[in-house]
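Input: a single structure, listed below in structure tokens.
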Amino acid sequence: MLVNIFKTRVIVAVAVLSLMVSACSKTKLDKVNPNQPGEAALLSEDGMMRAALGVYSKFGLEYFWLSLTNHNIMGDNTFSSVGNYSWRWANQPAKITLDDGVTVLTPPQGGTQGFELKSRNSRAFSNDNVFFNEWASMYLVNNQANVILAACEDPRIVYGGTADAIKSKKAALKAWSYWWKGFAYSRIGSLYIAGIINDKPNETNSDFKSSADIIAEANANFDKAVTALNEVTDVAAYTNIISAAIPSMTKVGKGGNITVAEFKRHINTYKARNILVNKKIEEMTNADWTQILTLTADGLTSTDKILTMRTADANAVLGNSSAGWSPWRLLTGAWEFASERWVQDFQPNDARKTRNLRLRATPVVNNSSRGFQYGTRWDFIPIEQGGDYVSQTVGIAEIPMGCTYEENALTRAEALIRTGAVEDGLKLIDAVRTYQRASLPALSGSSLNEAQAFLQLRSERRIALFLKNTSFYDARRFGWASKNGKRTGVVVIYTGGVVNTNATIEYNYLDYFDVPLNEIDFNSPASGSAPVVFPY
């Protein structure tokens with residue numbers, strides 16, 4: 001069932017991209033995109049609400065499984081040695097040096113991650129082209145938002161209610177759409193060397209912009225979302241739209257109908273992320289940290305509802321495909337595993353480790369004979385048995401679509417530590433640990449200096465934000481999972497299950513992906529466009 005659903009999704013994604021980029025002229029396409037609501041379907045309040053809900057259907061397994069797994073494994077929170085979707089290449093480091101400083105392990109097959117991924121940047125590789133999946137899903141999301149924005153002010157649509165209610169319903173639709181445009185551009189700009197800025201439904205252009213320009217566009221759309229939210233005067237009318245746009249199975253746990261204030265706080269937290277994750281730590285300036293402090297001061301709180309994803313039995317975004325994401329696959333014992341480098345970031349006596357991990361009867365060593373980075377002593381404990389992260393039961397596991405309270409608090413903590421307010425930063429780390437029931441002693445009052453506090457912050461981000469969409473971004477900015485990047489003092493399981501605790505992994509990963517040839521083959525960059533290939 002999963003395979004059939006996935007193949008269907010791939011065909012739809014490729015068809016949509018083909019429609020979006022096949023015309024040499026930049027005029028509106030003659031063909032109607034079958035994956036978008038037709039004009040007649042949109043010309044009612046109910047049709048607009050269904051179009052808003054339709055944003056979620058554009059993510060597909062290309063995002064929820066393939067793209068997010070890429071981030072997990074490139075961030076070395078998890079690993080995957082399977083050849084499917086080129087995951088074995090996406091987390092293949094260049095070199096491992098064991099504790100003795102003499103034993104050097106290089107990949108038993110193939111070259112560096114960058115070489116292998118670039119060599120598969122071809123339409124012939126379909127979803128085995130790692131560069132393709134996030135690009136495809138995010139531009140589908142962006143296009144759906146464009147469709148809604150183009151239609152929501154159509155005078156033929158009759159919205160019910162008072163003048164305030166009508167204005168607030170339109171404002172909700174605009175805020176929803178601009179949020180998802182900001183989200184999509186944030187994902188593109190934080191992963192790809194370049195992208196396209198497009199505000200017209202079912203059209204494209206060949207003016208490729210740099211990743212920095214794409215992030216600027218993301219923030220501009222977030223600002224437009226806030227402007228729309230400020231136009232809401234009838235809360236009930238706003239809630240009516242937002243409630244229809246959010247999938248029902250996600251309105252449990254941390255998910256639910258987000259209020260105007262919560263939406264604004266979510267936007268602030270995401271804008272702070274956009275600053276933090278797109279620079280190496282040494283590139284951050286005092287102005288950057290100050291801006292982050294301003295944004296996170298009114299960012300997500302511990303009681304805010306957020307946008308989440310869960311599986312459902314049927315008729316939902318993931319529907320019967322509950323097996324197609326990491327919370328399910330981490331329990332199979334075959335597809336994805338806990339990385340030893342992630343596990344080592346738990347502080348001693350962290351209750352989160354006790355709740356979520358148990359020692360395997362036999363360690364995984366050099367899985368599939370594809371390298372010693374593919375090894376672990378740990379299995380996950382499912383949610384049904386007291387864990388926090390994973391489950392193979394429909395509707396149990398939850399992942400955030402955007403940001404979380406923990407991310408806001410830890411991003412703010414890092415900015416405080418970097419601007420001399422170490423004690424205030426430590427208090428926020430303590431707050432996150434308390435929120436996640438870590439049962440760890442307080443860091444505040446322990447007289448840690450800035451360097452010591454940062455090490456606590458770094459490890460806490462890796463643990464507290466597990467499966468929260470930041471692992472690769474963080475590993476890149478820490479200088480690990482990047483071009484010429486490496487991490488020292490890491491755990492690697494060697495032959496016979498021998499545990500090395502002071503190994504060095506030289507990742508040498510791509511900092512940013514090339515634009516996929518699925519795009520370039522049909523949409524050659526115009527003169528003056530930004531480079532579309534990351535130098536490696």
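Quick note on naming: the chains in the structure tokens go A, B, ... in the order shown, residues restart at 1 in each chain, and ligands are numbered from 1 in order of appearance.
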- Mind listing the helix (DSSP H, G or I) residues of region 258-412 of chain A, per DSSP on the backbone, as JSON, numbers by chain? {"A": [260, 261, 262, 263, 264, 265, 266, 267, 268, 269, 270, 271, 272, 273, 274, 275, 276, 281, 282, 283, 286, 287, 288, 289, 290, 291, 292, 293, 294, 295, 296, 326, 327, 328, 329, 340, 341, 342, 343, 351, 352, 353, 354, 355, 356, 367, 368, 369, 383, 384, 385, 405, 406, 407, 408, 409, 410, 411, 412]}
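All residues of protein, DNA or RNA that reach within 10 Å of Ile306 (chain A), judged by only C-alpha atoms and not counting those fewer than 5 positions away in the chain, are Thr250, Lys251, Gly253, Lys254, Gly255, Gly256, Asn257, Ile258, Thr259, Glu262, Phe263, Arg265, His266, Leu300, Thr301, Pro400, Met401, Gly402, Cys403, Thr404 and Tyr405 of chain A.
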Hey, which bits of region 57-127 of chain A sit within 10 Å of region 514-519 of chain A, and for each residue what's the closest pair of atoms and how far apart in Å (one decimal), counting only C-alpha atoms, rows by chain and increasing number, as CSV?
```
residue,atom,partner,partner_atom,distance
A:Gly114,CA,A:Asp514,CA,9.9
A:Leu117,CA,A:Asp514,CA,9.3
A:Lys118,CA,A:Asp514,CA,7.7
A:Arg120,CA,A:Pro516,CA,9.6
A:Asn121,CA,A:Pro516,CA,6.0
A:Ser122,CA,A:Leu517,CA,5.5
A:Arg123,CA,A:Asn518,CA,5.2
A:Ala124,CA,A:Asn518,CA,9.0
A:Phe125,CA,A:Asn518,CA,9.8
A:Ser126,CA,A:Asn518,CA,8.5
```
Could those selected residues go to a file with all heavy atoms, as a PDB file, in the first residue's frame?
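That gives us out_19.pdb:
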```
ATOM      1  N   GLY A 114      29.233  14.826  -1.121  1.00  0.00           N
ATOM      2  CA  GLY A 114      28.971  15.804  -2.165  1.00  0.00           C
ATOM      3  C   GLY A 114      29.134  15.227  -3.553  1.00  0.00           C
ATOM      4  O   GLY A 114      28.308  15.474  -4.442  1.00  0.00           O
ATOM      5  N   LEU A 117      26.144  12.733  -4.236  1.00  0.00           N
ATOM      6  CA  LEU A 117      24.854  13.378  -4.447  1.00  0.00           C
ATOM      7  C   LEU A 117      24.831  14.159  -5.756  1.00  0.00           C
ATOM      8  O   LEU A 117      23.833  14.139  -6.482  1.00  0.00           O
ATOM      9  CB  LEU A 117      24.509  14.295  -3.273  1.00  0.00           C
ATOM     10  CG  LEU A 117      24.317  13.620  -1.915  1.00  0.00           C
ATOM     11  CD1 LEU A 117      23.764  14.612  -0.899  1.00  0.00           C
ATOM     12  CD2 LEU A 117      23.408  12.397  -2.000  1.00  0.00           C
ATOM     13  N   LYS A 118      25.921  14.840  -6.064  1.00  0.00           N
ATOM     14  CA  LYS A 118      25.978  15.575  -7.324  1.00  0.00           C
ATOM     15  C   LYS A 118      25.902  14.634  -8.520  1.00  0.00           C
ATOM     16  O   LYS A 118      25.293  14.961  -9.548  1.00  0.00           O
ATOM     17  CB  LYS A 118      27.255  16.420  -7.385  1.00  0.00           C
ATOM     18  CG  LYS A 118      27.206  17.691  -6.549  1.00  0.00           C
ATOM     19  CD  LYS A 118      28.560  18.386  -6.524  1.00  0.00           C
ATOM     20  CE  LYS A 118      28.523  19.718  -5.786  1.00  0.00           C
ATOM     21  NZ  LYS A 118      27.914  20.797  -6.584  1.00  0.00           N
ATOM     22  N   ARG A 120      24.219  12.091  -8.794  1.00  0.00           N
ATOM     23  CA  ARG A 120      22.842  11.616  -8.939  1.00  0.00           C
ATOM     24  C   ARG A 120      21.853  12.743  -9.152  1.00  0.00           C
ATOM     25  O   ARG A 120      20.642  12.522  -9.100  1.00  0.00           O
ATOM     26  CB  ARG A 120      22.454  10.795  -7.695  1.00  0.00           C
ATOM     27  CG  ARG A 120      23.179   9.465  -7.646  1.00  0.00           C
ATOM     28  CD  ARG A 120      23.132   8.804  -6.277  1.00  0.00           C
ATOM     29  NE  ARG A 120      23.733   7.491  -6.313  1.00  0.00           N
ATOM     30  CZ  ARG A 120      25.059   7.268  -6.335  1.00  0.00           C
ATOM     31  NH1 ARG A 120      25.895   8.301  -6.285  1.00  0.00           N
ATOM     32  NH2 ARG A 120      25.537   6.046  -6.406  1.00  0.00           N
ATOM     33  N   ASN A 121      22.354  13.921  -9.391  1.00  0.00           N
ATOM     34  CA  ASN A 121      21.466  15.050  -9.680  1.00  0.00           C
ATOM     35  C   ASN A 121      21.022  14.961 -11.133  1.00  0.00           C
ATOM     36  O   ASN A 121      21.540  15.636 -12.019  1.00  0.00           O
ATOM     37  CB  ASN A 121      22.161  16.371  -9.399  1.00  0.00           C
ATOM     38  CG  ASN A 121      21.217  17.561  -9.568  1.00  0.00           C
ATOM     39  OD1 ASN A 121      20.010  17.402  -9.649  1.00  0.00           O
ATOM     40  ND2 ASN A 121      21.781  18.763  -9.614  1.00  0.00           N
ATOM     41  N   SER A 122      20.036  14.125 -11.344  1.00  0.00           N
ATOM     42  CA  SER A 122      19.538  13.865 -12.684  1.00  0.00           C
ATOM     43  C   SER A 122      18.091  13.414 -12.588  1.00  0.00           C
ATOM     44  O   SER A 122      17.706  12.723 -11.642  1.00  0.00           O
ATOM     45  CB  SER A 122      20.374  12.774 -13.363  1.00  0.00           C
ATOM     46  OG  SER A 122      19.724  12.243 -14.492  1.00  0.00           O
ATOM     47  N   ARG A 123      17.286  13.788 -13.601  1.00  0.00           N
ATOM     48  CA  ARG A 123      15.902  13.322 -13.613  1.00  0.00           C
ATOM     49  C   ARG A 123      15.823  11.804 -13.690  1.00  0.00           C
ATOM     50  O   ARG A 123      14.840  11.205 -13.263  1.00  0.00           O
ATOM     51  CB  ARG A 123      15.167  13.947 -14.798  1.00  0.00           C
ATOM     52  CG  ARG A 123      14.865  15.421 -14.609  1.00  0.00           C
ATOM     53  CD  ARG A 123      14.069  15.981 -15.783  1.00  0.00           C
ATOM     54  NE  ARG A 123      14.839  15.958 -17.019  1.00  0.00           N
ATOM     55  CZ  ARG A 123      14.440  15.392 -18.152  1.00  0.00           C
ATOM     56  NH1 ARG A 123      13.282  14.779 -18.208  1.00  0.00           N
ATOM     57  NH2 ARG A 123      15.193  15.443 -19.231  1.00  0.00           N
ATOM     58  N   ALA A 124      16.853  11.183 -14.228  1.00  0.00           N
ATOM     59  CA  ALA A 124      16.851   9.726 -14.363  1.00  0.00           C
ATOM     60  C   ALA A 124      16.805   9.030 -13.010  1.00  0.00           C
ATOM     61  O   ALA A 124      16.362   7.886 -12.916  1.00  0.00           O
ATOM     62  CB  ALA A 124      18.088   9.276 -15.140  1.00  0.00           C
ATOM     63  N   PHE A 125      17.250   9.725 -11.946  1.00  0.00           N
ATOM     64  CA  PHE A 125      17.274   9.113 -10.620  1.00  0.00           C
ATOM     65  C   PHE A 125      15.964   9.307  -9.858  1.00  0.00           C
ATOM     66  O   PHE A 125      15.814   8.768  -8.757  1.00  0.00           O
ATOM     67  CB  PHE A 125      18.443   9.669  -9.806  1.00  0.00           C
ATOM     68  CG  PHE A 125      19.760   9.040 -10.157  1.00  0.00           C
ATOM     69  CD1 PHE A 125      20.587   9.607 -11.119  1.00  0.00           C
ATOM     70  CD2 PHE A 125      20.170   7.867  -9.546  1.00  0.00           C
ATOM     71  CE1 PHE A 125      21.801   9.021 -11.459  1.00  0.00           C
ATOM     72  CE2 PHE A 125      21.387   7.272  -9.864  1.00  0.00           C
ATOM     73  CZ  PHE A 125      22.196   7.848 -10.832  1.00  0.00           C
ATOM     74  N   SER A 126      15.043  10.087 -10.406  1.00  0.00           N
ATOM     75  CA  SER A 126      13.741  10.289  -9.765  1.00  0.00           C
ATOM     76  C   SER A 126      13.944  10.661  -8.291  1.00  0.00           C
ATOM     77  O   SER A 126      14.698  11.565  -7.981  1.00  0.00           O
ATOM     78  CB  SER A 126      12.878   9.028  -9.917  1.00  0.00           C
ATOM     79  OG  SER A 126      11.571   9.237  -9.423  1.00  0.00           O
TER      80      SER A 126
END
```
- Task: DSSP on the backbone, then: every residue of region 263-443 of chain A marked strand (DSSP E or B), written as a ChimeraX atom specification.
- Result: /A:306,308-309,337-338,357-364,376-380,399-400
Go ahead and save the picked residues with C-alpha atoms, as a PDB file, in the first residue's frame.
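Once written, part-v1.pdb looks like this:
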```
ATOM      1  CA  ILE A 306       1.606  24.899  16.918  1.00  0.00           C
ATOM      2  CA  THR A 308       1.960  19.613  13.636  1.00  0.00           C
ATOM      3  CA  MET A 309       1.687  16.422  11.626  1.00  0.00           C
ATOM      4  CA  PHE A 337      18.673   4.069  13.511  1.00  0.00           C
ATOM      5  CA  ALA A 338      19.741   6.222  16.450  1.00  0.00           C
ATOM      6  CA  LEU A 357      16.526   4.305  24.373  1.00  0.00           C
ATOM      7  CA  ARG A 358      17.459   0.776  25.340  1.00  0.00           C
ATOM      8  CA  LEU A 359      20.557  -1.242  24.574  1.00  0.00           C
ATOM      9  CA  ARG A 360      20.277  -3.710  21.726  1.00  0.00           C
ATOM     10  CA  ALA A 361      21.066  -7.354  22.387  1.00  0.00           C
ATOM     11  CA  THR A 362      23.639  -7.120  19.574  1.00  0.00           C
ATOM     12  CA  PRO A 363      25.094  -3.835  18.326  1.00  0.00           C
ATOM     13  CA  VAL A 364      24.680  -2.808  14.709  1.00  0.00           C
ATOM     14  CA  THR A 376      24.747   1.757  17.039  1.00  0.00           C
ATOM     15  CA  ARG A 377      24.092   0.017  20.349  1.00  0.00           C
ATOM     16  CA  TRP A 378      20.657   1.557  20.744  1.00  0.00           C
ATOM     17  CA  ASP A 379      17.030   0.891  19.920  1.00  0.00           C
ATOM     18  CA  PHE A 380      14.130   3.281  20.441  1.00  0.00           C
ATOM     19  CA  ILE A 399       6.226  16.104  14.578  1.00  0.00           C
ATOM     20  CA  PRO A 400       6.131  19.906  14.284  1.00  0.00           C
TER      21      PRO A 400
END
```
- In Å, rounded to a single decimal, give me how far CA of Ser248 (chain A) is from CA of Ala52 (chain A).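 Atom-to-atom, CA of Ala52 (chain A) and CA of Ser248 (chain A) are spaced 13.2 Å apart.
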